[in-house]
file protein.cif (mmCIF, C-alpha atoms)
data_entry
loop_
_atom_site.label_atom_id
_atom_site.label_comp_id
_atom_site.auth_asym_id
_atom_site.auth_seq_id
_atom_site.Cartn_x
_atom_site.Cartn_y
_atom_site.Cartn_z
CA ALA A 1 168.47 144.49 108.33
CA LEU A 2 165.87 143.06 105.97
CA ILE A 3 164.01 145.70 104.00
CA TYR A 4 160.95 144.76 101.97
CA ARG A 5 159.84 147.16 99.29
CA LEU A 6 156.63 146.65 97.40
CA ALA A 7 155.98 149.21 94.68
CA SER A 8 152.79 149.54 92.74
CA VAL A 9 154.06 151.03 89.50
CA CYS A 10 151.30 153.06 87.86
CA ALA A 11 148.63 150.75 86.47
CA LEU A 12 150.96 147.81 86.00
CA CYS A 13 151.13 146.46 89.57
CA TYR A 14 154.81 145.66 89.08
CA ASN A 15 156.76 144.27 92.02
CA ILE A 16 160.18 145.85 92.45
CA ALA A 17 162.80 144.60 94.91
CA GLU A 18 166.30 145.78 95.74
CA GLY A 19 168.91 144.82 93.19
CA HIS A 20 166.85 145.38 90.05
CA GLY A 21 168.92 148.43 89.15
CA PHE A 22 166.16 151.04 89.27
CA HIS A 23 163.82 152.67 91.73
CA PRO A 24 160.01 152.78 91.81
CA CYS A 25 158.17 155.97 91.12
CA GLY A 26 156.60 156.04 94.56
CA ILE A 27 155.74 159.35 96.14
CA THR A 28 154.27 158.03 99.38
CA SER A 29 155.93 155.58 101.76
CA LEU A 30 154.71 153.95 104.94
CA CYS A 31 157.26 152.30 107.22
CA TRP A 32 156.87 150.56 110.54
CA SER A 33 158.82 148.19 112.76
CA SER A 34 157.71 144.57 112.70
CA GLY A 35 157.49 144.36 116.49
CA PRO A 36 158.23 146.26 119.69
CA HIS A 37 161.66 144.63 120.03
CA ALA A 38 162.64 144.37 116.36
CA THR A 39 164.38 147.73 116.06
CA HIS A 40 166.55 146.66 113.10
CA GLU A 41 163.81 145.21 110.94
CA MET A 42 161.49 147.47 109.04
CA ARG A 43 158.91 147.07 106.35
CA CYS A 44 158.31 149.78 103.77
CA ILE A 45 155.53 150.09 101.25
CA VAL A 46 156.08 152.60 98.45
CA MET A 47 153.04 153.48 96.40
CA ALA A 48 153.26 154.99 92.93
CA ILE A 49 150.82 157.37 91.28
CA TYR A 50 148.13 155.25 89.62
CA SER A 51 146.71 156.42 86.31
CA LEU A 52 144.76 154.26 83.87
CA ASN A 53 141.91 155.09 81.53
CA CYS A 54 139.92 152.63 79.43
CA LYS A 55 137.20 153.35 76.88
CA ILE A 56 135.53 151.33 74.14
CA LYS A 57 135.91 152.49 70.54
CA SER A 58 132.55 152.02 68.89
CA GLY A 59 131.05 152.62 65.48
CA SER A 60 127.74 153.54 67.11
CA LYS A 61 129.52 156.60 68.52
CA GLY A 62 130.80 157.58 65.09
CA GLN A 63 134.35 156.50 65.95
CA SER A 64 136.97 154.96 63.69
CA VAL A 65 139.43 152.51 65.23
CA VAL A 66 141.64 152.93 62.15
CA ALA A 67 141.90 156.64 62.99
CA SER A 68 142.70 155.79 66.61
CA ALA A 69 145.45 153.40 65.53
CA ALA A 70 146.88 156.01 63.16
CA TYR A 71 146.88 158.63 65.93
CA GLN A 72 148.60 156.54 68.57
CA SER A 73 151.25 155.18 66.18
CA ALA A 74 151.77 158.51 64.36
CA GLU A 75 151.17 156.81 61.01
CA LYS A 76 149.11 157.31 57.88
CA LEU A 77 146.47 154.59 57.51
CA TYR A 78 143.78 154.13 54.91
CA ASP A 79 140.29 153.51 56.32
CA GLU A 80 138.35 151.18 54.05
CA ALA A 81 135.05 151.98 55.78
CA ASP A 82 134.90 155.63 54.68
CA GLY A 83 137.57 155.70 51.98
CA LEU A 84 139.63 158.33 53.81
CA THR A 85 143.30 158.33 54.77
CA LYS A 86 143.90 159.04 58.45
CA ASN A 87 147.21 160.92 58.71
CA TYR A 88 148.71 161.57 62.15
CA GLN A 89 152.41 161.59 61.31
CA ARG A 90 154.09 163.43 64.21
CA LYS A 91 156.93 161.12 65.16
CA GLU A 92 158.58 163.50 67.63
CA ARG A 93 156.09 162.50 70.35
CA VAL A 94 155.99 158.75 69.71
CA LEU A 95 158.91 156.80 71.13
CA THR A 96 157.89 153.19 70.46
CA THR A 97 155.15 151.32 68.62
CA GLY A 98 154.37 147.65 68.23
CA ILE A 99 151.75 144.93 67.94
CA LEU A 100 151.69 141.84 70.17
CA ALA A 101 149.43 138.91 69.38
CA PRO A 102 148.73 135.33 70.49
CA GLU A 103 150.53 132.55 68.63
CA ASN A 104 147.30 131.38 66.97
CA ALA A 105 146.59 134.81 65.45
CA PRO A 106 147.09 135.12 61.66
CA ASP A 107 150.15 136.93 60.35
CA TRP A 108 148.15 139.89 59.01
CA VAL A 109 147.38 141.16 62.54
CA HIS A 110 150.94 142.53 62.66
CA ASP A 111 150.05 144.93 59.85
CA ARG A 112 148.32 147.83 61.60
CA GLY A 113 146.21 148.87 58.66
CA GLN A 114 145.02 145.33 57.90
CA LEU A 115 144.30 144.58 61.56
CA TRP A 116 141.94 147.47 62.25
CA ASN A 117 140.28 147.43 58.85
CA HIS A 118 139.56 143.73 59.42
CA VAL A 119 138.11 144.60 62.83
CA GLU A 120 135.83 147.33 61.46
CA ALA A 121 134.60 145.02 58.70
CA LYS A 122 133.95 142.19 61.15
CA GLU A 123 132.14 144.27 63.78
CA GLY A 124 130.06 146.34 61.37
CA ILE A 125 129.28 150.03 61.15
CA LYS A 126 127.79 150.20 64.67
CA GLY A 127 129.92 147.54 66.34
CA GLN A 128 132.36 147.72 69.24
CA TYR A 129 135.84 147.72 67.74
CA ALA A 130 138.40 147.87 70.52
CA ARG A 131 139.24 148.84 74.05
CA SER A 132 141.43 151.93 74.20
CA TRP A 133 143.80 152.12 77.18
CA ILE A 134 145.95 155.03 78.37
CA ILE A 135 148.45 153.96 81.01
CA ALA A 136 150.90 156.24 82.83
CA LEU A 137 154.52 155.09 82.95
CA PRO A 138 156.93 155.86 85.82
CA VAL A 139 159.28 158.72 85.00
CA GLU A 140 162.03 157.21 87.17
CA LEU A 141 162.51 154.38 84.69
CA SER A 142 164.58 154.69 81.53
CA HIS A 143 162.82 154.38 78.19
CA GLN A 144 164.13 150.81 77.83
CA GLN A 145 162.77 149.90 81.27
CA GLN A 146 159.42 151.53 80.52
CA GLU A 147 159.19 149.58 77.27
CA LYS A 148 160.00 146.27 78.97
CA LEU A 149 157.52 147.01 81.76
CA LEU A 150 154.77 147.74 79.24
CA HIS A 151 155.67 144.76 77.06
CA ASP A 152 155.52 142.35 80.02
CA PHE A 153 152.21 143.81 81.20
CA ILE A 154 150.61 143.56 77.74
CA GLN A 155 151.86 140.02 77.25
CA LYS A 156 150.46 138.86 80.58
CA GLU A 157 147.21 140.79 80.87
CA PHE A 158 146.09 141.11 77.23
CA VAL A 159 147.88 138.75 74.82
CA GLY A 160 147.94 135.91 77.34
CA ARG A 161 144.14 136.11 77.46
CA GLY A 162 143.69 136.02 73.69
CA MET A 163 143.67 139.69 72.67
CA VAL A 164 145.73 141.39 69.99
CA ALA A 165 147.33 144.54 71.43
CA ASP A 166 148.51 147.53 69.38
CA PHE A 167 150.62 149.81 71.56
CA ALA A 168 152.67 153.00 71.51
CA ILE A 169 154.66 154.97 74.09
CA HIS A 170 154.15 158.75 73.97
CA VAL A 171 155.65 161.78 75.66
CA ASP A 172 154.35 165.35 75.68
CA SER A 173 155.80 168.33 73.82
CA LYS A 174 158.37 168.85 76.60
CA ASN A 175 159.52 165.23 76.38
CA GLN A 176 157.81 164.54 79.70
CA ASN A 177 154.73 162.64 80.93
CA PRO A 178 155.56 159.21 79.45
CA HIS A 179 152.43 157.15 78.88
CA ALA A 180 151.24 154.23 76.79
CA HIS A 181 148.33 154.03 74.38
CA VAL A 182 147.05 150.48 73.82
CA LEU A 183 144.25 149.24 71.57
CA THR A 184 143.03 145.70 72.28
CA THR A 185 140.66 143.62 70.19
CA MET A 186 137.19 142.73 71.49
CA ARG A 187 137.18 139.14 70.25
CA ALA A 188 139.73 136.31 70.19
CA PHE A 189 141.00 133.95 67.48
CA ASP A 190 140.40 130.21 67.43
CA LYS A 191 143.17 127.62 66.93
CA GLN A 192 142.86 127.96 63.15
CA GLY A 193 143.36 131.74 63.27
CA HIS A 194 139.74 132.70 62.60
CA TRP A 195 137.78 135.28 64.55
CA MET A 196 135.69 133.70 67.30
CA ARG A 197 132.16 134.73 68.15
CA LYS A 198 131.81 137.17 71.02
CA GLN A 199 128.87 135.31 72.56
CA LYS A 200 127.22 131.92 72.45
CA SER A 201 123.97 130.38 73.66
CA ILE A 202 124.02 127.51 76.15
CA THR A 203 121.34 125.34 77.73
CA VAL A 204 120.61 126.10 81.37
CA LYS A 205 120.73 123.08 83.68
CA ASN A 206 119.23 122.50 87.11
CA LYS A 207 121.10 121.48 90.25
CA ALA A 208 120.99 117.84 89.18
CA GLY A 209 122.74 118.73 85.93
CA LYS A 210 119.70 118.14 83.72
CA PRO A 211 118.52 120.64 81.07
CA ILE A 212 115.59 122.80 82.17
CA VAL A 213 112.52 122.32 79.98
CA ILE A 214 110.31 125.41 79.59
CA GLY A 215 107.75 124.01 77.14
CA ARG A 216 107.22 122.29 73.80
CA ASP A 217 107.02 123.57 70.25
CA LYS A 218 104.20 122.84 67.78
CA SER A 219 105.69 119.50 66.84
CA GLY A 220 105.93 118.44 70.46
CA LYS A 221 109.68 118.81 70.82
CA ARG A 222 110.98 120.08 74.10
CA ILE A 223 112.06 123.69 74.40
CA TYR A 224 115.00 124.15 76.74
CA LYS A 225 115.87 127.22 78.75
CA LYS A 226 118.79 129.09 77.18
CA LYS A 227 121.10 131.88 78.17
CA THR A 228 123.74 133.88 76.35
CA ILE A 229 127.28 134.00 77.68
CA ASN A 230 130.48 135.64 76.52
CA VAL A 231 132.96 133.32 74.80
CA VAL A 232 135.90 134.91 76.66
CA ASP A 233 135.95 136.04 80.28
CA TRP A 234 137.38 139.48 79.49
CA ASN A 235 134.10 140.65 77.98
CA ASP A 236 132.06 139.89 81.11
#
call {"tool": "encode", "arguments": {"input": "protein.cif", "output": "C-alpha cells"}}
result
Amino acid sequence: ALIYRLASVCALCYNIAEGHGFHPCGITSLCWSSGPHATHEMRCIVMAIYSLNCKIKSGSKGQSVVASAAYQSAEKLYDEADGLTKNYQRKERVLTTGILAPENAPDWVHDRGQLWNHVEAKEGIKGQYARSWIIALPVELSHQQQEKLLHDFIQKEFVGRGMVADFAIHVDSKNQNPHAHVLTTMRAFDKQGHWMRKQKSITVKNKAGKPIVIGRDKSGKRIYKKKTINVVDWND
C-alpha cells in the first residue's frame, strides 16, 4: 500500500517522507481511504505543534540588540552604544550557535560583536535593529537533525532573501523544550558588501506608463507624484 505522510514540523513547514530515518513530531493524525473501493490505499496527514514568535528589537523601546545577541549565544559582548559589557555566559543551556550570511555580506558579519554594534550604529539610537524569532524544534529529532532542520530553514527563508541570521539552539534547565533563537537584520547588503537603504522613493506612473505630474515648482519644472517603497520585500 502507498502511504503518504505530510508533516508540518513546528514553524519550519518541513516535508518528511518514509525513509528519512526519523519521525515527525506530530500529535494529531487524520487518515482516510482514497475511495470507497480502495481499501489498501490510505492517506495520512500528521500535524506537529506549531510555535513561532517574532518581535522587532528597537532602540525606541530602550532595547539593545547587542544584549539580545549576547543572551541567545551565552556570550560576553561589549556594547559600543552605552559602553557596557553584556554578559550572559551560561553555556549549559545553549547547544549550538552560529551566523549565516549571504555571499555578498562582508566578512565582519561573522563576528557577533561587530555585526550588532554595526547594526546599532547604522540604525541609530531609536532605530529598528533586528527581528527576533523564537522557533520550537521537534523533540523527536536528534540534536544533529534539529540543527540541520534549522540551518536549512534559515538558509532558505532568511539568508536566501538577503538577511544575516544569528542563531542559537537552547534547551531548558531540564534539558528539554528545544527551541531556536534567531536574530535577523532589517536591511540587506549590496553587491559591494555595503548596507542598502531600507526604503527608496519612486515616481508613480499612470496606466499608460507615463509619470504622473502633480504640478510645477517656482522655476516651472514639473513635479511628479512620488511614493516610498521598501527596497526588499521582507520589510513590506
call {"tool": "resolve_selection", "arguments": {"input": "protein.cif", "expression": "the PyMOL selection byres ((chain A and resi 190-198) around 10)", "output": "list of chain:residue names"}}
result
A:Pro102, A:Glu103, A:Asn104, A:Ala105, A:Pro106, A:Asp107, A:Val119, A:Lys122, A:Gly162, A:Met186, A:Arg187, A:Ala188, A:Phe189, A:Gln199, A:Lys200, A:Ile229, A:Asn230, A:Val231, A:Val232, A:Asn235
call {"tool": "atom_distance", "arguments": {"input": "protein.cif", "atom1": "CA of His151 in chain A", "atom2": "CA of Gln114 in chain A"}}
result
21.9 Å
call {"tool": "residues_around", "arguments": {"input": "protein.cif", "residues": "Leu183 in chain A", "least_positions_apart": "2", "cutoff": "8 Å", "atoms": "all atoms listed in the file", "output": "PDB file with C-alpha atoms, keeping the file's coordinate frame"}}
result
ATOM      1  CA  ALA A  69     145.450 153.400  65.530  1.00  0.00           C
ATOM      2  CA  ALA A 130     138.400 147.870  70.520  1.00  0.00           C
ATOM      3  CA  ARG A 131     139.240 148.840  74.050  1.00  0.00           C
ATOM      4  CA  SER A 132     141.430 151.930  74.200  1.00  0.00           C
ATOM      5  CA  TRP A 133     143.800 152.120  77.180  1.00  0.00           C
ATOM      6  CA  ALA A 165     147.330 144.540  71.430  1.00  0.00           C
ATOM      7  CA  ASP A 166     148.510 147.530  69.380  1.00  0.00           C
ATOM      8  CA  PHE A 167     150.620 149.810  71.560  1.00  0.00           C
ATOM      9  CA  HIS A 181     148.330 154.030  74.380  1.00  0.00           C
ATOM     10  CA  THR A 185     140.660 143.620  70.190  1.00  0.00           C
TER      11      THR A 185
END
call {"tool": "residues_around", "arguments": {"input": "protein.cif", "residues": "Ser68 in chain A", "least_positions_apart": "5", "cutoff": "12 Å", "atoms": "all atoms listed in the file", "output": "number ranges by chain"}}
result
A: 55-58, 63, 73-79, 86-88, 112-113, 116-117, 129-133, 166-168, 181-184
call {"tool": "resolve_selection", "arguments": {"input": "protein.cif", "expression": "the PyMOL selection byres ((chain A and resi 171) around 12)", "output": "tab-separated table (two decimals) with C-alpha atoms, in the frame of the given file"}}
result
chain	number	residue	atom	x	y	z
A	72	GLN	CA	148.60	156.54	68.57
A	90	ARG	CA	154.09	163.43	64.21
A	91	LYS	CA	156.93	161.12	65.16
A	92	GLU	CA	158.58	163.50	67.63
A	93	ARG	CA	156.09	162.50	70.35
A	94	VAL	CA	155.99	158.75	69.71
A	95	LEU	CA	158.91	156.80	71.13
A	96	THR	CA	157.89	153.19	70.46
A	135	ILE	CA	148.45	153.96	81.01
A	136	ALA	CA	150.90	156.24	82.83
A	137	LEU	CA	154.52	155.09	82.95
A	138	PRO	CA	156.93	155.86	85.82
A	139	VAL	CA	159.28	158.72	85.00
A	143	HIS	CA	162.82	154.38	78.19
A	146	GLN	CA	159.42	151.53	80.52
A	168	ALA	CA	152.67	153.00	71.51
A	169	ILE	CA	154.66	154.97	74.09
A	170	HIS	CA	154.15	158.75	73.97
A	172	ASP	CA	154.35	165.35	75.68
A	173	SER	CA	155.80	168.33	73.82
A	174	LYS	CA	158.37	168.85	76.60
A	175	ASN	CA	159.52	165.23	76.38
A	176	GLN	CA	157.81	164.54	79.70
A	177	ASN	CA	154.73	162.64	80.93
A	178	PRO	CA	155.56	159.21	79.45
A	179	HIS	CA	152.43	157.15	78.88
A	180	ALA	CA	151.24	154.23	76.79
A	181	HIS	CA	148.33	154.03	74.38
call {"tool": "residues_around", "arguments": {"input": "protein.cif", "residues": "Ser60 in chain A", "least_positions_apart": "6", "cutoff": "9 Å", "atoms": "all atoms listed in the file", "output": "count of residues only"}}
result
4
call {"tool": "residues_around", "arguments": {"input": "protein.cif", "residues": "Lys205 in chain A", "least_positions_apart": "5", "cutoff": "12 Å", "atoms": "only C-alpha atoms", "output": "PyMOL selection string"}}
result
chain A and resi 210-214+224-227
call {"tool": "atom_distance", "arguments": {"input": "protein.cif", "atom1": "CA of Asp111 in chain A", "atom2": "CA of Phe158 in chain A"}}
result
18.2 Å
call {"tool": "atom_distance", "arguments": {"input": "protein.cif", "atom1": "CA of Leu100 in chain A", "atom2": "CA of Lys61 in chain A"}}
result
26.7 Å
